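Colleague: Supplied structure: final-v9.txt, compact mmCIF, C-alpha atoms and all ligand atoms.
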# COMPACT_ATOMS: atom_id res chain seq x y z
CA VAL A 16 327.64 164.19 202.36
CA PRO A 17 330.11 167.10 202.16
CA LEU A 18 331.69 168.06 198.86
CA PRO A 19 335.35 166.98 198.54
CA GLU A 20 337.84 169.86 198.46
CA LYS A 21 339.04 169.17 194.93
CA ALA A 22 335.65 168.30 193.47
CA THR A 23 335.30 167.63 189.76
CA HIS A 24 332.79 169.61 187.73
CA GLN A 25 330.47 166.59 187.77
CA GLN A 26 330.69 166.20 191.55
CA THR A 27 329.92 169.87 192.02
CA ARG A 28 326.94 169.63 189.72
CA ALA A 29 325.58 166.52 191.49
CA PHE A 30 326.12 168.17 194.87
CA ASN A 31 324.28 171.32 193.78
CA ALA A 32 321.45 169.26 192.27
CA GLN A 33 320.93 167.52 195.65
CA LEU A 34 321.11 170.84 197.45
CA VAL A 35 318.39 172.30 195.23
CA LEU A 36 316.20 169.20 195.54
CA ARG A 37 316.57 169.19 199.33
CA THR A 38 315.73 172.89 199.54
CA ILE A 39 312.52 172.35 197.58
CA TYR A 40 311.67 169.15 199.49
CA ASP A 41 311.99 170.78 202.91
CA ARG A 42 309.25 173.31 202.08
CA PRO A 43 305.65 172.95 200.92
CA ALA A 44 306.32 175.19 197.87
CA ILE A 45 309.10 177.60 196.93
CA SER A 46 310.11 179.91 194.05
CA ARG A 47 313.35 179.62 192.05
CA ALA A 48 314.46 182.99 193.45
CA ASP A 49 314.06 181.73 197.04
CA VAL A 50 315.94 178.52 196.20
CA ALA A 51 318.80 180.69 194.88
CA ARG A 52 318.73 182.87 197.99
CA LEU A 53 318.71 179.88 200.40
CA THR A 54 321.38 177.84 198.60
CA GLY A 55 323.70 180.71 197.64
CA LEU A 56 323.68 179.44 194.02
CA THR A 57 323.20 181.82 191.09
CA ARG A 58 319.74 182.13 189.57
CA THR A 59 321.11 180.76 186.31
CA SER A 60 322.44 177.61 187.99
CA VAL A 61 319.21 177.14 189.90
CA SER A 62 317.13 177.48 186.73
CA ALA A 63 319.26 174.89 184.94
CA LEU A 64 319.11 172.43 187.85
CA VAL A 65 315.36 172.95 188.32
CA ALA A 66 314.84 172.28 184.61
CA GLU A 67 316.50 168.87 185.08
CA LEU A 68 314.39 168.13 188.15
CA LEU A 69 311.23 169.05 186.21
CA ASP A 70 312.33 166.73 183.38
CA SER A 71 312.92 163.87 185.82
CA GLY A 72 309.44 164.38 187.27
CA LEU A 73 310.76 164.76 190.82
CA VAL A 74 309.63 168.40 190.94
CA GLN A 75 306.58 170.17 189.50
CA GLU A 76 305.35 173.73 189.17
CA VAL A 77 302.33 174.48 191.35
CA GLY A 78 300.86 177.88 190.57
CA ARG A 79 302.14 181.28 191.61
CA GLY A 80 303.21 182.71 194.94
CA GLN A 81 302.81 186.25 196.27
CA SER A 82 304.11 189.05 194.14
CA THR A 83 306.77 191.27 195.68
CA GLY A 84 306.17 194.03 193.16
CA GLY A 85 306.70 192.40 189.79
CA LYS A 86 305.11 189.32 188.33
CA ALA A 87 304.20 186.68 190.97
CA PRO A 88 306.82 183.89 190.94
CA ILE A 89 306.04 180.32 189.90
CA LEU A 90 306.26 177.93 192.86
CA LEU A 91 307.93 174.52 192.86
CA ARG A 92 307.33 171.43 194.96
CA VAL A 93 308.57 167.85 195.14
CA VAL A 94 306.03 165.36 193.78
CA PRO A 95 305.51 162.82 196.59
CA ASP A 96 304.62 160.07 194.12
CA ALA A 97 307.45 160.80 191.67
CA ARG A 98 309.39 157.85 193.04
CA HIS A 99 308.60 155.04 195.42
CA VAL A 100 310.90 153.37 197.90
CA VAL A 101 310.70 149.79 199.16
CA GLY A 102 311.39 149.40 202.90
CA LEU A 103 311.84 146.04 204.66
CA ASP A 104 311.86 144.99 208.32
CA LEU A 105 313.48 141.59 208.91
CA GLY A 106 313.32 141.80 212.68
CA GLY A 107 310.02 140.31 213.80
CA GLY A 108 308.32 136.95 213.74
CA SER A 109 307.34 137.92 210.19
CA PHE A 110 309.33 139.72 207.54
CA THR A 111 307.37 142.82 206.63
CA GLY A 112 307.80 145.36 203.88
CA ALA A 113 306.10 148.30 202.24
CA ILE A 114 306.10 150.58 199.25
CA VAL A 115 306.61 154.08 200.63
CA ASP A 116 306.29 157.42 198.83
CA LEU A 117 308.74 160.33 199.13
CA ARG A 118 306.82 161.70 202.14
CA GLY A 119 306.91 158.44 204.06
CA ARG A 120 303.33 157.47 203.29
CA ILE A 121 302.83 153.72 203.10
CA VAL A 122 301.25 152.86 199.77
CA ARG A 123 301.15 149.09 200.06
CA SER A 124 302.35 146.51 202.60
CA ALA A 125 303.32 142.86 202.40
CA GLU A 126 304.34 140.19 204.88
CA ARG A 127 306.01 136.77 204.99
CA PRO A 128 305.57 134.77 208.21
CA LEU A 129 308.84 133.24 209.36
CA ARG A 130 308.17 129.68 210.46
CA ALA A 131 310.83 127.28 211.62
CA ASP A 132 308.91 124.36 210.13
CA ASP A 133 308.44 126.07 206.79
CA GLY A 134 311.67 124.62 205.40
CA ARG A 135 312.24 127.67 203.22
CA GLN A 136 315.33 129.66 203.92
CA PRO A 137 314.86 133.17 205.31
CA LEU A 138 316.75 134.55 202.31
CA GLU A 139 314.17 133.08 199.92
CA LEU A 140 311.44 134.77 201.94
CA VAL A 141 313.26 138.10 201.57
CA PHE A 142 313.55 137.56 197.81
CA SER A 143 309.86 136.77 197.51
CA LEU A 144 308.90 139.83 199.58
CA VAL A 145 311.13 142.07 197.45
CA ASP A 146 309.78 140.58 194.20
CA GLU A 147 306.20 141.18 195.30
CA LEU A 148 306.75 144.80 196.32
CA VAL A 149 308.98 145.83 193.42
CA GLY A 150 306.59 144.07 191.03
CA ALA A 151 303.58 145.89 192.50
CA ALA A 152 305.10 149.37 192.43
CA GLN A 153 303.11 151.78 190.25
CA ARG A 154 305.93 154.35 190.14
CA PRO A 155 309.66 154.15 189.41
CA VAL A 156 311.38 152.55 192.40
CA LEU A 157 314.29 154.55 193.78
CA GLY A 158 315.74 151.62 195.69
CA ILE A 159 315.34 149.25 198.61
CA GLY A 160 316.11 150.00 202.26
CA ILE A 161 316.43 147.09 204.69
CA GLY A 162 316.45 147.04 208.49
CA THR A 163 317.61 143.73 209.93
CA PRO A 164 318.79 142.56 213.35
CA GLY A 165 322.46 141.82 213.98
CA LEU A 166 325.79 143.39 213.23
CA ILE A 167 325.41 145.06 209.86
CA ASP A 168 328.18 146.72 207.85
CA SER A 169 325.90 149.37 206.43
CA GLU A 170 328.60 150.70 204.10
CA THR A 171 328.76 147.44 202.13
CA GLY A 172 325.30 146.09 202.97
CA THR A 173 326.81 142.96 204.53
CA VAL A 174 325.20 141.16 207.45
CA ARG A 175 328.27 140.39 209.58
CA TRP A 176 326.27 138.29 212.02
CA ALA A 177 322.55 137.88 212.61
CA VAL A 178 322.03 135.25 215.25
CA ASN A 179 318.25 134.90 214.81
CA LEU A 180 318.49 134.24 211.08
CA ASP A 181 321.69 132.21 211.23
CA TRP A 182 323.36 134.60 208.78
CA SER A 183 327.05 135.33 208.86
CA GLU A 184 329.03 137.46 206.37
CA LEU A 185 326.00 137.49 204.07
CA PRO A 186 326.25 140.13 201.30
CA LEU A 187 322.51 140.84 201.56
CA GLY A 188 322.69 144.24 199.84
CA ASP A 189 324.62 142.88 196.84
CA LEU A 190 322.37 139.84 196.47
CA ILE A 191 319.23 141.98 196.31
CA ALA A 192 320.87 144.62 194.12
CA GLU A 193 321.84 141.89 191.63
CA ARG A 194 318.35 140.42 191.67
CA THR A 195 316.52 143.72 191.17
CA GLY A 196 319.05 146.03 189.51
CA LEU A 197 318.15 148.64 192.15
CA PRO A 198 320.27 150.43 194.77
CA VAL A 199 320.00 148.66 198.15
CA HIS A 200 320.98 149.98 201.58
CA VAL A 201 321.03 147.82 204.71
CA ALA A 202 321.18 148.86 208.36
CA ASN A 203 320.67 147.30 211.77
CA ASP A 204 316.95 147.36 212.58
CA SER A 205 317.36 149.34 215.82
CA HIS A 206 319.48 151.87 213.94
CA ALA A 207 316.75 152.16 211.29
CA ALA A 208 314.16 152.62 214.05
CA ALA A 209 316.28 155.41 215.53
CA LEU A 210 316.37 157.15 212.14
CA ALA A 211 312.58 156.91 211.89
CA GLU A 212 311.98 158.22 215.41
CA TYR A 213 314.49 160.99 214.86
CA THR A 214 312.70 161.96 211.67
CA PHE A 215 309.04 161.46 212.59
CA GLY A 216 309.02 161.44 216.39
CA SER A 217 308.65 164.46 218.61
CA GLU A 218 308.91 167.96 217.21
CA PRO A 219 311.37 169.46 217.31
CA SER A 220 313.67 166.41 217.27
CA PRO A 221 316.24 166.57 220.07
CA ASP A 222 319.85 166.44 218.83
CA ASN A 223 320.51 163.40 220.99
CA LEU A 224 318.22 160.41 221.17
CA VAL A 225 318.34 156.74 222.14
CA VAL A 226 315.77 154.41 220.61
CA VAL A 227 315.51 151.02 222.27
CA MET A 228 313.75 148.30 220.33
CA ILE A 229 312.35 145.49 222.42
CA GLY A 230 310.69 142.66 220.58
CA ARG A 231 312.01 139.18 219.97
CA GLY A 232 315.44 140.69 220.54
CA ILE A 233 316.72 143.87 222.18
CA GLY A 234 318.86 146.56 220.59
CA ALA A 235 319.31 150.30 220.61
CA GLY A 236 319.93 152.97 218.00
CA ILE A 237 321.83 156.04 219.14
CA VAL A 238 321.56 159.47 217.53
CA LEU A 239 324.22 161.92 218.71
CA ASN A 240 324.33 165.52 217.51
CA GLY A 241 321.72 164.72 214.89
CA GLN A 242 323.71 161.82 213.41
CA LEU A 243 323.22 158.08 213.78
CA PHE A 244 326.16 156.74 215.78
CA SER A 245 327.26 153.32 214.45
CA GLY A 246 330.29 152.65 216.63
CA ASP A 247 333.68 151.41 215.45
CA ALA A 248 332.29 148.19 213.99
CA PHE A 249 328.59 149.03 213.43
CA GLY A 250 327.74 147.52 216.83
CA ALA A 251 326.70 150.62 218.77
CA GLY A 252 323.62 149.93 220.88
CA GLU A 253 323.96 146.12 220.93
CA ILE A 254 322.79 146.02 224.53
CA GLY A 255 320.76 142.81 224.18
CA HIS A 256 323.76 140.52 224.54
CA THR A 257 325.32 142.03 227.62
CA THR A 258 325.27 139.54 230.51
CA VAL A 259 322.81 140.55 233.22
CA VAL A 260 322.32 137.20 235.03
CA GLU A 261 325.31 135.14 236.17
CA ALA A 262 324.95 131.52 235.00
CA GLY A 263 321.57 132.44 233.54
CA GLU A 264 319.58 130.97 230.67
CA PRO A 265 321.42 130.09 227.46
CA CYS A 266 321.09 132.77 224.78
CA ARG A 267 320.82 132.43 221.00
CA CYS A 268 324.20 134.14 220.72
CA GLY A 269 325.99 131.28 222.50
CA SER A 270 326.44 133.12 225.78
CA VAL A 271 324.28 132.81 228.90
CA GLY A 272 322.25 135.29 230.93
CA CYS A 273 322.09 138.01 228.26
CA LEU A 274 319.58 140.85 228.66
CA GLU A 275 317.58 139.23 225.85
CA THR A 276 317.16 136.05 227.90
CA VAL A 277 315.26 137.92 230.61
CA ALA A 278 313.73 141.03 229.07
CA SER A 279 312.75 140.33 225.44
CA VAL A 280 309.14 139.51 224.64
CA ARG A 281 310.28 136.04 223.63
CA ALA A 282 311.92 135.58 227.07
CA ILE A 283 308.71 136.72 228.79
CA VAL A 284 306.67 134.16 226.84
CA ASP A 285 309.17 131.36 227.58
CA ARG A 286 309.22 132.20 231.26
CA LEU A 287 305.42 132.28 231.52
CA ARG A 288 305.18 128.90 229.78
CA HIS A 289 307.68 127.50 232.24
CA LEU A 290 306.09 128.95 235.39
CA ALA A 291 302.36 128.73 234.56
CA PRO A 292 301.90 125.04 235.51
CA ARG A 293 303.13 125.83 239.03
CA HIS A 294 300.75 128.77 239.48
CA PRO A 295 297.22 127.37 239.48
CA GLY A 296 295.86 130.78 240.46
CA SER A 297 297.05 132.31 237.18
CA ILE A 298 294.71 132.54 234.20
CA LEU A 299 297.67 131.26 232.18
CA ALA A 300 297.79 127.94 234.08
CA ARG A 301 294.94 126.47 232.02
CA ASP A 302 296.97 126.20 228.83
CA PRO A 303 300.68 126.85 229.39
CA ASP A 304 301.71 125.60 225.93
CA GLY A 305 299.25 127.98 224.31
CA ILE A 306 300.91 131.05 225.80
CA ASP A 307 302.11 133.43 223.10
CA GLU A 308 302.78 137.17 222.87
CA THR A 309 299.10 138.04 222.65
CA ARG A 310 298.10 135.96 225.68
CA ALA A 311 301.02 137.25 227.72
CA VAL A 312 299.92 140.81 227.00
CA GLN A 313 296.26 140.02 227.78
CA ALA A 314 297.15 138.39 231.09
CA PHE A 315 299.37 141.32 232.10
CA LEU A 316 296.76 143.91 231.15
CA ALA A 317 294.15 141.90 233.13
CA GLY A 318 296.39 142.13 236.21
CA ASP A 319 297.25 138.43 236.44
CA PRO A 320 299.74 138.09 239.33
CA LEU A 321 302.11 135.68 237.53
CA ALA A 322 302.20 137.87 234.40
CA ASP A 323 302.77 140.89 236.65
CA ASP A 324 305.80 139.30 238.29
CA VAL A 325 307.43 138.23 235.04
CA VAL A 326 306.66 141.29 232.91
CA LEU A 327 307.55 143.89 235.54
CA GLU A 328 310.83 142.14 236.32
CA ALA A 329 311.61 142.22 232.57
CA ALA A 330 310.84 145.96 232.54
CA ARG A 331 313.17 146.53 235.51
CA GLN A 332 315.96 144.66 233.71
CA VAL A 333 315.49 146.99 230.75
CA GLY A 334 315.63 149.96 233.14
CA ARG A 335 319.00 148.76 234.48
CA ALA A 336 320.41 148.60 230.94
CA LEU A 337 319.02 152.08 230.24
CA ALA A 338 320.67 153.45 233.37
CA ALA A 339 324.02 152.27 231.98
CA LEU A 340 323.27 154.18 228.77
CA VAL A 341 322.31 157.29 230.74
CA GLY A 342 325.63 157.11 232.56
CA ALA A 343 327.60 156.58 229.36
CA LEU A 344 325.83 159.10 227.12
CA ASN A 345 323.73 161.45 229.26
CA VAL A 346 321.06 161.41 226.56
CA ARG A 347 317.84 162.78 228.01
CA ARG A 348 315.34 161.26 225.65
CA ILE A 349 314.98 157.48 225.48
CA VAL A 350 312.28 156.13 223.19
CA VAL A 351 311.05 152.54 223.44
CA VAL A 352 309.64 150.85 220.33
CA GLY A 353 308.78 147.29 219.37
CA ALA A 354 306.45 144.55 220.61
CA ALA A 355 307.09 145.29 224.32
CA THR A 356 305.14 148.55 223.97
CA ALA A 357 301.98 146.40 223.98
CA PHE A 358 302.51 145.93 227.74
CA GLY A 359 301.59 149.59 228.12
CA ASP A 360 302.02 152.17 230.84
CA ARG A 361 302.77 149.90 233.81
CA TRP A 362 305.68 148.32 231.92
CA LEU A 363 306.91 151.78 230.94
CA GLU A 364 306.61 153.14 234.47
CA ALA A 365 308.61 150.19 235.88
CA ALA A 366 311.37 150.65 233.29
CA ARG A 367 311.43 154.41 233.81
CA HIS A 368 311.53 154.11 237.61
CA GLU A 369 314.42 151.65 237.49
CA THR A 370 316.33 153.82 235.00
CA ARG A 371 316.11 156.82 237.35
CA GLU A 372 316.77 154.83 240.53
CA ARG A 373 320.00 153.46 239.12
CA SER A 374 321.31 156.67 237.56
CA LEU A 375 323.13 159.58 239.09
CA PRO A 376 320.15 161.52 240.54
CA LEU A 377 320.91 164.73 238.68
CA LEU A 378 321.05 162.85 235.35
CA GLY A 379 318.24 160.35 236.02
CA ARG A 380 315.81 163.08 237.04
CA ASP A 381 316.04 164.76 233.63
CA THR A 382 315.83 161.55 231.62
CA GLU A 383 312.53 160.78 229.95
CA VAL A 384 311.69 157.23 228.95
CA VAL A 385 308.72 157.19 226.57
CA PHE A 386 307.07 154.99 223.96
CA GLY A 387 307.74 155.89 220.34
CA ARG A 388 305.09 157.45 218.19
CA SER A 389 305.36 155.11 215.27
CA ARG A 390 305.15 151.47 216.29
CA ASP A 391 304.61 148.67 213.81
CA ASP A 392 306.12 150.39 210.82
CA VAL A 393 309.06 152.10 212.52
CA VAL A 394 311.77 149.93 210.93
CA VAL A 395 310.18 149.99 207.47
CA LEU A 396 310.05 153.79 207.59
CA GLY A 397 313.57 154.04 208.98
CA ALA A 398 314.91 151.81 206.21
CA SER A 399 313.09 153.96 203.64
CA ALA A 400 314.52 157.12 205.23
CA LEU A 401 318.02 155.63 204.99
CA LEU A 402 317.55 154.87 201.30
CA MET A 403 316.27 158.37 200.54
CA THR A 404 319.10 160.03 202.44
CA ARG A 405 321.72 158.00 200.63
CA GLU A 406 320.19 158.14 197.15
CA LEU A 407 318.70 161.63 197.00
CA GLY A 408 320.37 163.43 199.89
CA LEU A 409 316.92 163.98 201.43
CA SER A 410 316.08 163.67 205.11
CA LEU A 411 312.61 162.19 204.89
CA VAL A 412 310.06 164.75 206.10
CA ARG A 413 306.31 164.21 206.20
ZN ZN A 501 323.09 136.77 223.90
What's the structure tokens form of this structure?
Ligand SMILES: [Zn+2]
Modeller:
Amino acid sequence: VPLPEKATHQQTRAFNAQLVLRTIYDRPAISRADVARLTGLTRTSVSALVAELLDSGLVQEVGRGQSTGGKAPILLRVVPDARHVVGLDLGGGSFTGAIVDLRGRIVRSAERPLRADDGRQPLELVFSLVDELVGAAQRPVLGIGIGTPGLIDSETGTVRWAVNLDWSELPLGDLIAERTGLPVHVANDSHAAALAEYTFGSEPSPDNLVVVMIGRGIGAGIVLNGQLFSGDAFGAGEIGHTTVVEAGEPCRCGSVGCLETVASVRAIVDRLRHLAPRHPGSILARDPDGIDETRAVQAFLAGDPLADDVVLEAARQVGRALAALVGALNVRRIVVVGAATAFGDRWLEAARHETRERSLPLLGRDTEVVFGRSRDDVVVLGASALLMTRELGLSLVR
């Protein structure tokens, strides 16, 4: 966050404190003199700000560095366990969450299965997950970061519309802040995943990156010039509800033939259940009603012809959507995360091939479509990264 032009003394001090903390955080260990040199602040200011950081426990002194003639300088580092962050992922078939330290290490995880027949409202499940994690934290909790599907106003923490959870204009951030007394930041789950991949993915991170999350739903997070791009109404990357089949299957959003209805993992399972009885040669024909994500993946990996047809067609549909993104953004690196990654290399190759086939050759040729590095915990880490950026001005670095 840049400093306003007519900053008050307090704003300047807070800005400088974040600058000093970030400078220490970004390095394994550093002296006060080097912090002053790198930030352009005076040694006196740096000493005063470091004293506060030492008092707060965020920073500690860790021995002495190399002498450059005089006495060897005392080195400083950020204490990874000084604060903990709670990160939540409300996107899957279960709500998951974790306590995460300041280096993105997961200290403890928790989960609440989301069952339609449970009778409990999804919001109560979120509360119970938050209560468990905040209650279990062994360190002061800095705040709670949440990644959730749907259109999220991440400035106010309001869920504008989340079709899978039947939430509309829900002030999720405020509700949890009131309950816990902690700062809460909420973002779309694909956007959170993009933050995590940008932070922890390949090194060095490219300036531009598209992260496509394919699980029960489909969405993308777009990083342009090193910044998450939210769009005019926080809906950037909502590719899952673009129509791809005329007069197709009804979608949860009220429309028909959306990308989600043909290419999400849920759509693959539904389609296999529907087709299996008519394909006696398929290993899935024995128990069509018992087909779930795990069995769909097993059948595909075993080379079952029915699973092949359905899964590879889903991958090609994803590739067509990616080609549209390549044409619109010319981003060279596209990272796929979420449950669909379980389908492995043949799924990826089909999506990649279709992306290139349907793009301008010169652009498609240079586009790489790859699986993300972090998989299950990508949204939890992204939500934690968001919280740390907003609360401490730190870009989470492991
Ligand atoms: Zn839809």
Colleague: For Gly241 (chain A), work out the shell of residues within 12 Å, counting all atoms listed in the file and skipping chain neighbours fewer than 4 positions away, then give it as a list in words.
Modeller: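 In the requested form, the answer reads Ala209, Leu210, Glu212, Tyr213, Thr214, Pro219, Ser220, Pro221, Asp222, Asn223, Leu224, Val225, Ile237 and Ser410 of chain A.
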Colleague: For region 289-295 of chain A, find every residue with an atom within 9 Å (counting all atoms listed in the file), except residues of its own chain fewer than 6 positions away, and show them as a list in words.
Modeller: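 Result of the neighbour search: Arg301, Asp302, Pro303, Asp304 and Leu321 of chain A.
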Colleague: What does the structure give for the distance between CA of Leu402 (chain A) and CA of Ile159 (chain A), in Å to one decimal?
Modeller: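 Distance reported for this atom pair: 6.6 Å.
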Colleague: Enter the distance from CA of Ile298 (chain A) to CA of Phe358 (chain A), in Å, rounded to one decimal.
Modeller: 16.8 Å
Colleague: Here is a test: counting only C-alpha atoms, which residue of A:Asp285, A:Val227, A:Leu138, A:His368 is nearest to Pro186 (chain A)?
Modeller: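 Residue with the minimum atom-to-atom distance to Pro186 (chain A): A:Leu138.
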Colleague: Please, which residues have at least one atom within 9 Å of an atom of ligand ZN 501 (chain A), using all atoms listed in the file, listed as JSON, numbers by chain?
Modeller: {"A": [178, 255, 256, 257, 258, 265, 266, 267, 268, 269, 270, 271, 272, 273, 274, 275, 276]}
Colleague: Neighbouring residues of Val394 (chain A) were defined as those with any atom within 8 Å, considering only C-alpha atoms; residues of the same chain fewer than 2 positions away were excluded. Please report them as a PDB file with C-alpha atoms, keeping the file's coordinate frame.
Modeller:
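Generated file (around-v5.pdb):
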ATOM      1  CA  LEU A 103     311.840 146.040 204.660  1.00  0.00           C
ATOM      2  CA  ASP A 104     311.860 144.990 208.320  1.00  0.00           C
ATOM      3  CA  GLY A 162     316.450 147.040 208.490  1.00  0.00           C
ATOM      4  CA  ASP A 204     316.950 147.360 212.580  1.00  0.00           C
ATOM      5  CA  SER A 205     317.360 149.340 215.820  1.00  0.00           C
ATOM      6  CA  ALA A 207     316.750 152.160 211.290  1.00  0.00           C
ATOM      7  CA  ALA A 208     314.160 152.620 214.050  1.00  0.00           C
ATOM      8  CA  ALA A 211     312.580 156.910 211.890  1.00  0.00           C
ATOM      9  CA  ASP A 391     304.610 148.670 213.810  1.00  0.00           C
ATOM     10  CA  ASP A 392     306.120 150.390 210.820  1.00  0.00           C
ATOM     11  CA  LEU A 396     310.050 153.790 207.590  1.00  0.00           C
ATOM     12  CA  GLY A 397     313.570 154.040 208.980  1.00  0.00           C
ATOM     13  CA  ALA A 398     314.910 151.810 206.210  1.00  0.00           C
TER      14      ALA A 398
END
Colleague: Which neighbours of region 94-100 of chain A fall inside 10 Å, counting all atoms listed in the file, when residues of the same chain fewer than 4 positions from it are skipped, and could you give them as a PyMOL selection string?
Modeller: chain A and resi 40+69+71-76+113-122+148-149+152-160+396+398-400+402-403+413
Colleague: Work out how far apart CA of Arg348 (chain A) and CA of Val385 (chain A) are and give it in Å to one decimal.
Modeller: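 Straight-line distance from CA of Arg348 (chain A) to CA of Val385 (chain A) works out to 7.8 Å.
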